[in-house]
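For reference, start_36.txt (compact mmCIF, C-alpha atoms):
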```txt
# COMPACT_ATOMS: atom_id res chain seq x y z
CA MET A 1 98.95 -2.55 -62.63
CA ALA A 2 97.71 0.57 -64.30
CA ALA A 3 94.30 2.10 -64.07
CA VAL A 4 91.97 1.37 -66.93
CA THR A 5 92.12 4.14 -69.48
CA TYR A 6 88.54 4.56 -70.48
CA GLN A 7 87.74 6.59 -73.54
CA GLU A 8 84.71 8.40 -74.79
CA SER A 9 82.33 5.74 -75.99
CA GLN A 10 81.93 7.40 -79.36
CA LEU A 11 85.64 6.94 -80.01
CA VAL A 12 85.53 3.36 -78.78
CA TRP A 13 82.62 2.47 -81.02
CA SER A 14 84.52 3.94 -83.92
CA LYS A 15 87.35 1.52 -83.11
CA VAL A 16 84.87 -1.34 -82.81
CA LYS A 17 83.52 -0.47 -86.23
CA ASN A 18 87.02 -0.58 -87.66
CA ALA A 19 87.79 -3.87 -85.95
CA LEU A 20 84.61 -5.36 -87.39
CA ALA A 21 85.21 -3.99 -90.89
CA ASN A 22 85.41 -7.44 -92.41
CA ALA A 23 83.11 -9.17 -89.95
CA ASN A 24 79.79 -10.73 -90.82
CA PRO A 25 76.88 -8.26 -91.05
CA ALA A 26 75.14 -10.14 -88.23
CA THR A 27 78.08 -9.38 -85.96
CA LYS A 28 78.17 -5.73 -86.95
CA ALA A 29 74.45 -5.36 -86.37
CA ALA A 30 74.65 -7.02 -82.97
CA PHE A 31 77.40 -4.72 -81.75
CA LYS A 32 75.53 -1.72 -83.14
CA GLY A 33 72.63 -2.91 -81.01
CA LEU A 34 74.93 -3.09 -78.01
CA GLN A 35 76.14 0.43 -78.72
CA ASP A 36 72.59 1.77 -78.79
CA PHE A 37 71.61 -0.22 -75.72
CA LEU A 38 74.51 0.92 -73.58
CA ALA A 39 74.06 4.54 -74.60
CA ASN A 40 70.31 4.71 -74.31
CA GLN A 41 69.50 2.28 -71.49
CA PHE A 42 72.53 2.56 -69.25
CA GLY A 43 73.93 5.93 -70.22
CA VAL A 44 77.40 4.45 -70.62
CA LYS A 45 79.68 7.28 -71.64
CA THR A 46 83.11 5.67 -71.46
CA LEU A 47 84.45 2.29 -72.52
CA LYS A 48 87.70 0.48 -73.13
CA LEU A 49 88.41 -1.58 -76.24
CA TYR A 50 91.08 -4.20 -75.72
CA GLN A 51 92.22 -5.85 -78.94
CA PHE A 52 94.13 -9.10 -78.77
CA GLY A 53 96.23 -11.07 -81.20
CA ASP A 54 98.58 -13.79 -80.09
CA LEU A 55 97.15 -15.53 -77.02
CA SER A 56 99.65 -18.38 -77.00
CA THR A 57 100.83 -17.52 -73.49
CA GLY A 58 97.70 -15.79 -72.32
CA VAL A 59 97.27 -12.07 -72.02
CA ASP A 60 96.72 -10.06 -68.89
CA PRO A 61 95.22 -6.69 -69.80
CA ASP A 62 97.11 -5.47 -66.73
CA PHE A 63 94.80 -2.81 -65.45
CA ASP A 64 93.11 -2.39 -62.15
CA GLY A 65 89.55 -3.40 -61.59
CA PRO A 66 86.86 -3.73 -60.87
CA TYR A 67 85.30 -3.50 -64.29
CA GLN A 68 82.80 -5.23 -66.52
CA VAL A 69 82.90 -7.03 -69.83
CA TYR A 70 80.13 -6.15 -72.25
CA GLY A 71 81.18 -7.99 -75.37
CA VAL A 72 83.73 -10.30 -76.90
CA TRP A 73 84.38 -10.94 -80.56
CA GLY A 74 86.88 -13.26 -82.17
CA ILE A 75 87.82 -14.73 -85.51
CA LYS A 76 90.16 -17.55 -86.38
CA GLN A 77 92.22 -15.80 -88.98
CA HIS A 78 95.07 -18.21 -89.36
CA ALA A 79 95.01 -21.05 -91.86
CA SER A 80 94.55 -23.74 -89.28
CA ASP A 81 91.71 -26.06 -88.37
CA THR A 82 93.25 -26.99 -85.05
CA ASP A 83 90.70 -26.47 -82.30
CA ALA A 84 91.10 -23.51 -79.97
CA TRP A 85 88.90 -22.11 -77.22
CA LEU A 86 88.94 -18.41 -76.43
CA LYS A 87 88.60 -17.98 -72.69
CA LEU A 88 88.00 -15.14 -70.32
CA ARG A 89 89.37 -16.22 -66.97
CA ASP A 90 88.77 -14.56 -63.64
CA ASN A 91 91.16 -15.88 -61.02
CA SER A 92 91.63 -19.11 -63.01
CA THR A 93 87.91 -19.72 -63.44
CA ASP A 94 86.63 -19.78 -67.01
CA ILE A 95 83.85 -17.26 -67.10
CA LEU A 96 83.48 -17.50 -70.87
CA SER A 97 84.66 -20.17 -73.28
CA LEU A 98 83.99 -19.92 -77.02
CA PRO A 99 85.19 -22.47 -79.57
CA PHE A 100 87.16 -21.60 -82.71
CA LEU A 101 87.48 -24.84 -84.58
CA VAL A 102 87.91 -24.08 -88.27
CA VAL A 103 89.50 -21.39 -90.42
CA ASP A 104 87.61 -18.09 -90.60
CA GLU A 105 85.30 -19.11 -87.77
CA GLU A 106 83.84 -16.01 -86.20
CA SER A 107 81.67 -15.72 -83.11
CA PHE A 108 80.77 -13.31 -80.38
CA ALA A 109 79.27 -13.11 -76.94
CA ILE A 110 77.43 -10.21 -75.38
CA PHE A 111 76.60 -9.53 -71.75
CA PRO A 112 74.14 -6.63 -71.97
CA LYS A 113 74.26 -5.87 -68.24
CA GLY A 114 78.00 -6.42 -68.07
CA LEU A 115 79.92 -9.36 -66.73
CA ASP A 116 81.46 -8.36 -63.42
CA ILE A 117 85.17 -8.98 -63.15
CA ALA A 118 85.54 -9.40 -59.44
CA ASN A 119 89.19 -10.28 -59.26
CA ALA A 120 90.77 -7.98 -61.79
CA ALA A 121 94.25 -8.92 -60.69
CA GLY A 122 93.58 -12.44 -61.89
CA PHE A 123 91.82 -11.63 -65.14
CA LYS A 124 93.34 -13.15 -68.25
CA LEU A 125 92.50 -13.74 -71.85
CA GLU A 126 93.68 -17.12 -73.03
CA SER A 127 93.36 -19.56 -75.90
CA HIS A 128 93.47 -23.22 -74.96
CA THR A 129 93.44 -26.45 -76.90
CA ASP A 130 90.27 -27.67 -75.20
CA SER A 131 87.35 -26.20 -73.38
CA THR A 132 88.22 -27.28 -69.86
CA GLY A 133 91.99 -27.74 -70.00
CA SER A 134 94.76 -25.20 -69.64
CA THR A 135 97.12 -26.14 -72.46
CA ASP A 136 97.84 -23.02 -74.48
CA SER A 137 97.06 -22.93 -78.17
CA THR A 138 99.92 -22.06 -80.46
CA ALA A 139 99.82 -18.55 -81.88
CA THR A 140 98.55 -19.70 -85.25
CA HIS A 141 95.63 -21.69 -83.83
CA GLY A 142 93.95 -19.16 -81.57
CA PRO A 143 91.61 -16.33 -82.55
CA VAL A 144 92.21 -12.62 -82.77
CA GLY A 145 89.59 -10.12 -81.73
CA PHE A 146 88.60 -7.77 -78.96
CA VAL A 147 87.01 -7.41 -75.56
CA LEU A 148 84.86 -4.42 -74.69
CA PHE A 149 85.24 -3.26 -71.09
CA GLY A 150 83.25 -0.78 -69.07
CA GLU A 151 83.26 0.69 -65.62
CA THR A 152 81.42 -1.24 -62.93
CA LYS A 153 78.04 0.32 -62.40
CA MET B 1 61.72 -33.51 -78.54
CA ALA B 2 63.67 -34.62 -81.55
CA LEU B 3 65.27 -32.75 -84.41
CA THR B 4 62.18 -31.19 -85.99
CA LEU B 5 63.19 -28.47 -88.38
CA GLN B 6 60.71 -25.83 -89.49
CA ASP B 7 60.56 -22.98 -91.92
CA GLN B 8 62.31 -20.03 -90.39
CA VAL B 9 59.21 -17.85 -90.13
CA ASN B 10 57.85 -20.16 -87.45
CA VAL B 11 61.16 -20.37 -85.63
CA TRP B 12 61.74 -16.63 -85.47
CA LEU B 13 58.20 -15.95 -84.31
CA LYS B 14 58.84 -18.23 -81.35
CA ALA B 15 62.21 -16.67 -80.64
CA GLU B 16 60.80 -13.15 -80.73
CA ALA B 17 57.92 -14.14 -78.47
CA ARG B 18 60.28 -15.76 -76.00
CA LEU B 19 62.57 -12.73 -75.95
CA SER B 20 59.55 -10.57 -75.28
CA ASP B 21 58.18 -12.87 -72.58
CA LEU B 22 61.50 -12.94 -70.78
CA GLY B 23 61.89 -9.20 -70.94
CA ALA B 24 65.04 -9.49 -73.00
CA SER B 25 67.08 -6.38 -73.54
CA LYS B 26 66.93 -4.58 -76.83
CA VAL B 27 70.47 -5.64 -77.59
CA ALA B 28 69.37 -9.28 -77.40
CA GLN B 29 66.49 -8.60 -79.73
CA ASP B 30 68.77 -6.75 -82.12
CA ALA B 31 71.36 -9.51 -82.07
CA PHE B 32 68.84 -12.21 -82.92
CA ARG B 33 67.20 -10.03 -85.53
CA ALA B 34 70.60 -9.69 -87.19
CA LEU B 35 71.11 -13.45 -86.99
CA ARG B 36 67.66 -13.97 -88.51
CA GLU B 37 68.51 -11.76 -91.46
CA ARG B 38 71.72 -13.69 -92.01
CA LEU B 39 70.08 -17.12 -91.77
CA VAL B 40 67.02 -16.25 -93.83
CA SER B 41 69.36 -15.40 -96.66
CA ALA B 42 70.97 -18.81 -96.19
CA GLY B 43 67.60 -20.44 -96.90
CA ILE B 44 67.85 -23.22 -94.35
CA GLN B 45 65.33 -24.71 -91.95
CA LEU B 46 65.82 -24.27 -88.22
CA GLN B 47 64.50 -25.38 -84.88
CA TYR B 48 63.68 -23.28 -81.83
CA ILE B 49 64.37 -25.00 -78.53
CA ALA B 50 63.34 -23.36 -75.29
CA PHE B 51 64.87 -24.39 -72.00
CA SER B 52 64.03 -23.69 -68.40
CA ASP B 53 65.91 -23.62 -65.13
CA ALA B 54 63.96 -26.58 -63.75
CA THR B 55 65.88 -29.17 -61.76
CA ALA B 56 63.73 -32.08 -62.92
CA GLY B 57 62.35 -33.07 -66.29
CA ASP B 58 62.53 -31.49 -69.72
CA PRO B 59 63.23 -28.76 -70.64
CA GLY B 60 65.10 -28.12 -67.41
CA ILE B 61 68.83 -27.54 -67.80
CA CYS B 62 69.42 -28.11 -64.08
CA GLN B 63 68.05 -31.63 -64.21
CA ASN B 64 70.46 -34.49 -63.61
CA THR B 65 72.84 -34.77 -66.62
CA GLY B 66 71.31 -31.70 -68.30
CA TYR B 67 68.72 -31.25 -71.05
CA SER B 68 69.30 -33.12 -74.31
CA PRO B 69 66.55 -31.96 -76.64
CA VAL B 70 67.35 -33.57 -79.98
CA GLY B 71 69.33 -36.78 -79.51
CA VAL B 72 71.20 -36.37 -82.79
CA PRO B 73 73.99 -34.20 -84.21
CA CYS B 74 73.00 -30.62 -84.93
CA THR B 75 74.35 -27.09 -85.52
CA VAL B 76 73.82 -24.32 -82.99
CA TYR B 77 73.53 -20.80 -84.33
CA GLY B 78 72.52 -18.85 -81.27
CA LEU B 79 72.03 -19.09 -77.51
CA TYR B 80 70.05 -16.73 -75.32
CA ALA B 81 70.07 -17.12 -71.55
CA ARG B 82 68.67 -15.01 -68.73
CA ASN B 83 68.38 -15.41 -65.01
CA ARG B 84 64.80 -14.89 -63.86
CA GLY B 85 65.80 -12.64 -61.01
CA THR B 86 65.12 -15.06 -58.21
CA GLY B 87 68.66 -16.03 -57.30
CA ASP B 88 71.08 -14.96 -54.64
CA GLY B 89 73.94 -13.99 -56.87
CA THR B 90 75.50 -17.43 -56.87
CA ASP B 91 77.29 -18.11 -60.12
CA SER B 92 75.78 -20.59 -62.54
CA PHE B 93 77.57 -21.72 -65.68
CA ILE B 94 75.47 -22.38 -68.75
CA SER B 95 77.13 -24.82 -71.11
CA LEU B 96 76.43 -26.47 -74.44
CA HIS B 97 77.93 -29.94 -74.50
CA ASN B 98 78.62 -31.93 -77.64
CA ALA B 99 77.31 -35.08 -75.99
CA ALA B 100 74.18 -36.81 -74.76
CA ASP B 101 74.76 -35.54 -71.22
CA ASN B 102 76.77 -32.91 -69.36
CA ALA B 103 79.57 -35.21 -68.24
CA SER B 104 81.93 -34.28 -71.06
CA ALA B 105 83.79 -31.04 -71.77
CA PRO B 106 81.44 -28.36 -73.12
CA LEU B 107 81.79 -26.58 -76.42
CA VAL B 108 80.45 -23.25 -75.15
CA THR B 109 80.36 -21.97 -71.56
CA ALA B 110 79.49 -18.69 -69.88
CA VAL B 111 78.80 -17.61 -66.36
CA ILE B 112 75.50 -16.17 -65.17
CA GLN B 113 76.37 -14.11 -62.11
CA ASP B 114 73.42 -12.16 -60.83
CA ASP B 115 69.69 -11.71 -60.96
CA ASN B 116 68.40 -10.91 -64.44
CA ASP B 117 71.82 -11.34 -66.05
CA GLU B 118 71.64 -12.02 -69.77
CA PHE B 119 74.04 -13.83 -72.04
CA ILE B 120 73.99 -13.99 -75.82
CA ALA B 121 76.31 -16.13 -77.92
CA ILE B 122 75.98 -16.23 -81.69
CA LYS B 123 77.89 -17.88 -84.47
CA TYR B 124 76.27 -17.00 -87.73
CA ASN B 125 77.47 -20.11 -89.55
CA GLY B 126 76.93 -22.36 -86.59
CA TRP B 127 78.83 -24.44 -84.09
CA THR B 128 78.79 -28.08 -85.13
CA PHE B 129 77.65 -30.50 -82.47
CA GLY B 130 78.72 -33.71 -84.14
CA THR B 131 77.48 -36.05 -81.42
CA ASP B 132 74.48 -34.50 -79.68
CA LEU B 133 73.49 -31.35 -77.82
CA THR B 134 73.08 -31.09 -74.07
CA ILE B 135 72.29 -27.79 -72.36
CA SER B 136 73.35 -27.62 -68.76
CA GLY B 137 73.27 -25.18 -65.87
CA ALA B 138 76.04 -26.13 -63.46
CA ASN B 139 77.75 -24.60 -60.48
CA SER B 140 81.21 -24.68 -62.06
CA ALA B 141 82.55 -24.03 -65.54
CA GLY B 142 81.84 -27.11 -67.60
CA GLY B 143 80.94 -29.04 -64.48
CA ALA B 144 78.26 -31.64 -64.06
CA THR B 145 76.91 -30.60 -60.68
CA GLU B 146 73.70 -28.83 -61.52
CA SER B 147 72.85 -25.38 -60.21
CA ALA B 148 69.84 -24.52 -58.12
CA ALA B 149 67.10 -23.30 -60.42
CA ALA B 150 67.10 -19.79 -58.96
CA ASN B 151 70.73 -19.28 -59.90
CA ALA B 152 70.54 -20.68 -63.42
CA ALA B 153 69.08 -19.31 -66.62
CA VAL B 154 66.09 -19.78 -68.87
CA GLY B 155 66.24 -19.11 -72.58
CA PHE B 156 66.52 -20.83 -75.93
CA VAL B 157 68.83 -22.06 -78.64
CA ILE B 158 68.38 -21.83 -82.40
CA ILE B 159 69.65 -24.92 -84.15
CA GLY B 160 69.81 -26.43 -87.60
CA ALA B 161 70.70 -29.81 -89.03
```

Represent the structure from my file as structure tokens, please.
Amino acid sequence: MAAVTYQESQLVWSKVKNALANANPATKAAFKGLQDFLANQFGVKTLKLYQFGDLSTGVDPDFDGPYQVYGVWGIKQHASDTDAWLKLRDNSTDILSLPFLVVDEESFAIFPKGLDIANAAGFKLESHTDSTGSTDSTATHGPVGFVLFGETK
Amino acid sequence: MALTLQDQVNVWLKAEARLSDLGASKVAQDAFRALRERLVSAGIQLQYIAFSDATAGDPGICQNTGYSPVGVPCTVYGLYARNRGTGDGTDSFISLHNAADNASAPLVTAVIQDDNDEFIAIKYNGWTFGTDLTISGANSAGGATESAAANAAVGFVIIGA
């Protein structure tokens, strides 16, 4: 695995802004709040934006840990109402599961203090057909979006 | 508690007070303020439902089978959860089940890892809970074995019809 390539947070937030260009204003405002919070409360200077598309076989970001997850955003872009659950998995344990059930469904989760990824070697992003199972969604059923990583404090 | 919708001004006052009482981070306050602005423009009535980490009785999410506050279908717009800082770092998984108890697969799940950890989940046009809503704090993802109170979270959900 490769080391995480963190970037200056200002650049990362610029990418987040671009990724959220067509997102709901509530989403944009929430991530702007996260930006301010991380900069002003925690002095976070570097971050990593990991954008995902097709999760039909799961995606391993493939970089060394440990690290933290601050935020996740997804949208069900494809013209499908087939249920899909976006999952963050740490060593096969679902540490976050968000449903994407209908077309254009958009949601996000924020961990202001950061969600510790203890077993980075086993961290995966997946989309499954139900919340507790492990059957992969097809590419056109799962969401696209991003995960915002930071260094473990 | 049943489904008792109110004008949003009452709901958001309660949510803001709860966020303040729990010492929520500014990002949590900002996120719910943004949700408020979105939902106020939608002109719908809402309900604020607080939950605790108690292991017995309402509104405890660590009680046997979880906390089922409304008993009817509803729509969840936002979830705020925070550990009170009394745990030992044991993971607790907060879940929203589309059922009258926590025995079935949850719709939304996230882990609470450490003392004072916060979790915010928002869907501005709502997750539909077509059967019922049960909030549960369990020791595995989507599981039905309840956490110890000290490891779980307190917080609230904002729901609509």

Per residue of stretch 53-112 of chain A within 12 Å of stretch 32-37 of chain B, note the shortest atom pair and the distance in Å to one decimal, counting all atoms listed in the file, and order the rows by chain and increasing residue number, as a Markdown table.
```
| residue | atom | partner | partner_atom | distance |
| --- | --- | --- | --- | --- |
| A:Ser107 | CA | B:Leu35 | CA | 11.5 |
| A:Phe108 | CA | B:Leu35 | CA | 11.7 |
| A:Ile110 | CA | B:Phe32 | CA | 11.6 |
```

Quiz item: Quick one: which residues from chain A are at most 6 Å off chain B, using all atoms listed in the file, as a list in words?
Solution: Ala26, Ala29, Ala30, Gly33, Leu34, Phe37, Ile95, Leu96, Ser97, Leu98, Ser107, Phe108, Ala109, Ile110 and Phe111 of chain A

Quiz item: Counting only C-alpha atoms, which of A:Val12, A:Ala19, A:Val4, A:Leu38 gets nearest to A:Gly74?
Solution: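 That would be A:Ala19, the residue with the smallest distance to A:Gly74.
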
Exercise. For atom CA of A:Trp73 and atom CA of A:Gly142, quote the distance in Å rounded to one decimal.
Key: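 Rounded to one decimal, the two atoms are 12.7 Å apart.
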
Exercise. Would you mind telling me which residue in B:Gln47, B:Ser41, B:Asn151, B:Asn83 lies nearest to B:Val11 when using only C-alpha atoms?
Key: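 Nearest candidate to B:Val11 out of B:Gln47, B:Ser41, B:Asn151, B:Asn83: B:Gln47.
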
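As for atom CA of A:Pro143 and atom CA of A:Lys28, they are spaced 17.7 Å apart.
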
Self-check item: Residue nearest B:Ala103 among B:Gly66, B:Gly71, B:Gly155, B:Gly89 (counting only C-alpha atoms)
Solution: B:Gly66

Practice problem: Would you list the residues near (97.2, -17.0, -84.2) (no more than 8 Å away, in the coordinates of the file, using all atoms listed in the file) as an NGL selection string? | Solution: :A and (53-56 or 76-78 or 138-144)

Exercise. Check the smallest atom-to-atom distance from each of A:Ser80, A:Ser127, A:Thr5, A:Asn91 to A:Leu49 using all atoms listed in the file, then report the winner.
Key: A:Thr5

Exercise. For atom CA of B:Leu3 and atom CA of B:Thr134, determine how far apart the two atoms are, in Å to one decimal place.
Key: 13.1 Å

For the point (77.2, -35.8, -76.2) in the file's frame, write as a PDB file with C-alpha atoms, in the coordinates of the input all residues with an atom no more than 12 Å away, counting all atoms listed in the file.
```
ATOM      1  CA  THR B  65      72.840 -34.770 -66.620  1.00  0.00           C
ATOM      2  CA  GLY B  66      71.310 -31.700 -68.300  1.00  0.00           C
ATOM      3  CA  TYR B  67      68.720 -31.250 -71.050  1.00  0.00           C
ATOM      4  CA  SER B  68      69.300 -33.120 -74.310  1.00  0.00           C
ATOM      5  CA  PRO B  69      66.550 -31.960 -76.640  1.00  0.00           C
ATOM      6  CA  VAL B  70      67.350 -33.570 -79.980  1.00  0.00           C
ATOM      7  CA  GLY B  71      69.330 -36.780 -79.510  1.00  0.00           C
ATOM      8  CA  VAL B  72      71.200 -36.370 -82.790  1.00  0.00           C
ATOM      9  CA  PRO B  73      73.990 -34.200 -84.210  1.00  0.00           C
ATOM     10  CA  CYS B  74      73.000 -30.620 -84.930  1.00  0.00           C
ATOM     11  CA  LEU B  96      76.430 -26.470 -74.440  1.00  0.00           C
ATOM     12  CA  HIS B  97      77.930 -29.940 -74.500  1.00  0.00           C
ATOM     13  CA  ASN B  98      78.620 -31.930 -77.640  1.00  0.00           C
ATOM     14  CA  ALA B  99      77.310 -35.080 -75.990  1.00  0.00           C
ATOM     15  CA  ALA B 100      74.180 -36.810 -74.760  1.00  0.00           C
ATOM     16  CA  ASP B 101      74.760 -35.540 -71.220  1.00  0.00           C
ATOM     17  CA  ASN B 102      76.770 -32.910 -69.360  1.00  0.00           C
ATOM     18  CA  ALA B 103      79.570 -35.210 -68.240  1.00  0.00           C
ATOM     19  CA  SER B 104      81.930 -34.280 -71.060  1.00  0.00           C
ATOM     20  CA  ALA B 105      83.790 -31.040 -71.770  1.00  0.00           C
ATOM     21  CA  PRO B 106      81.440 -28.360 -73.120  1.00  0.00           C
ATOM     22  CA  LEU B 107      81.790 -26.580 -76.420  1.00  0.00           C
ATOM     23  CA  THR B 128      78.790 -28.080 -85.130  1.00  0.00           C
ATOM     24  CA  PHE B 129      77.650 -30.500 -82.470  1.00  0.00           C
ATOM     25  CA  GLY B 130      78.720 -33.710 -84.140  1.00  0.00           C
ATOM     26  CA  THR B 131      77.480 -36.050 -81.420  1.00  0.00           C
ATOM     27  CA  ASP B 132      74.480 -34.500 -79.680  1.00  0.00           C
ATOM     28  CA  LEU B 133      73.490 -31.350 -77.820  1.00  0.00           C
ATOM     29  CA  THR B 134      73.080 -31.090 -74.070  1.00  0.00           C
ATOM     30  CA  ILE B 135      72.290 -27.790 -72.360  1.00  0.00           C
ATOM     31  CA  SER B 136      73.350 -27.620 -68.760  1.00  0.00           C
TER      32      SER B 136
END
```

Practice problem: With a distance cut-off of 7 Å and all atoms listed in the file, select the neighbouring residues of B:Gln45, excluding the residue or stretch itself and same-chain residues fewer than 2 positions from it, and output the selection as a PyMOL selection string. | Solution: chain B and resi 5-8+43+160

Since the input lacks atoms, please generate N, CA and C atoms for stretch 35-48 of chain B and provide them as an mmCIF file, in the frame of the given file.
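That gives us part.cif:
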```cif
data_model
loop_
_atom_site.group_PDB
_atom_site.id
_atom_site.type_symbol
_atom_site.label_atom_id
_atom_site.label_comp_id
_atom_site.auth_asym_id
_atom_site.auth_seq_id
_atom_site.Cartn_x
_atom_site.Cartn_y
_atom_site.Cartn_z
ATOM 1 N N LEU B 35 70.867 -12.042 -86.649
ATOM 2 C CA LEU B 35 71.110 -13.450 -86.990
ATOM 3 C C LEU B 35 70.016 -13.958 -87.935
ATOM 4 N N ARG B 36 68.777 -13.563 -87.643
ATOM 5 C CA ARG B 36 67.660 -13.970 -88.510
ATOM 6 C C ARG B 36 67.898 -13.523 -89.939
ATOM 7 N N GLU B 37 68.293 -12.277 -90.106
ATOM 8 C CA GLU B 37 68.510 -11.760 -91.460
ATOM 9 C C GLU B 37 69.601 -12.549 -92.178
ATOM 10 N N ARG B 38 70.624 -12.909 -91.427
ATOM 11 C CA ARG B 38 71.720 -13.690 -92.010
ATOM 12 C C ARG B 38 71.246 -15.087 -92.409
ATOM 13 N N LEU B 39 70.464 -15.720 -91.527
ATOM 14 C CA LEU B 39 70.080 -17.120 -91.770
ATOM 15 C C LEU B 39 68.939 -17.222 -92.782
ATOM 16 N N VAL B 40 68.077 -16.227 -92.806
ATOM 17 C CA VAL B 40 67.020 -16.250 -93.830
ATOM 18 C C VAL B 40 67.650 -16.241 -95.216
ATOM 19 N N SER B 41 68.700 -15.455 -95.354
ATOM 20 C CA SER B 41 69.360 -15.400 -96.660
ATOM 21 C C SER B 41 70.057 -16.717 -96.994
ATOM 22 N N ALA B 42 70.341 -17.514 -95.958
ATOM 23 C CA ALA B 42 70.970 -18.810 -96.190
ATOM 24 C C ALA B 42 69.941 -19.858 -96.638
ATOM 25 N N GLY B 43 68.656 -19.564 -96.404
ATOM 26 C CA GLY B 43 67.600 -20.440 -96.900
ATOM 27 C C GLY B 43 67.555 -21.822 -96.288
ATOM 28 N N ILE B 44 67.852 -21.921 -95.016
ATOM 29 C CA ILE B 44 67.850 -23.220 -94.350
ATOM 30 C C ILE B 44 66.691 -23.298 -93.361
ATOM 31 N N GLN B 45 66.329 -24.526 -92.986
ATOM 32 C CA GLN B 45 65.330 -24.710 -91.950
ATOM 33 C C GLN B 45 66.010 -24.757 -90.583
ATOM 34 N N LEU B 46 65.260 -24.363 -89.568
ATOM 35 C CA LEU B 46 65.820 -24.270 -88.220
ATOM 36 C C LEU B 46 64.870 -24.896 -87.208
ATOM 37 N N GLN B 47 65.339 -24.942 -85.984
ATOM 38 C CA GLN B 47 64.500 -25.380 -84.880
ATOM 39 C C GLN B 47 64.729 -24.472 -83.682
ATOM 40 N N TYR B 48 63.640 -24.088 -83.062
ATOM 41 C CA TYR B 48 63.680 -23.280 -81.830
ATOM 42 C C TYR B 48 63.525 -24.231 -80.652
#
```
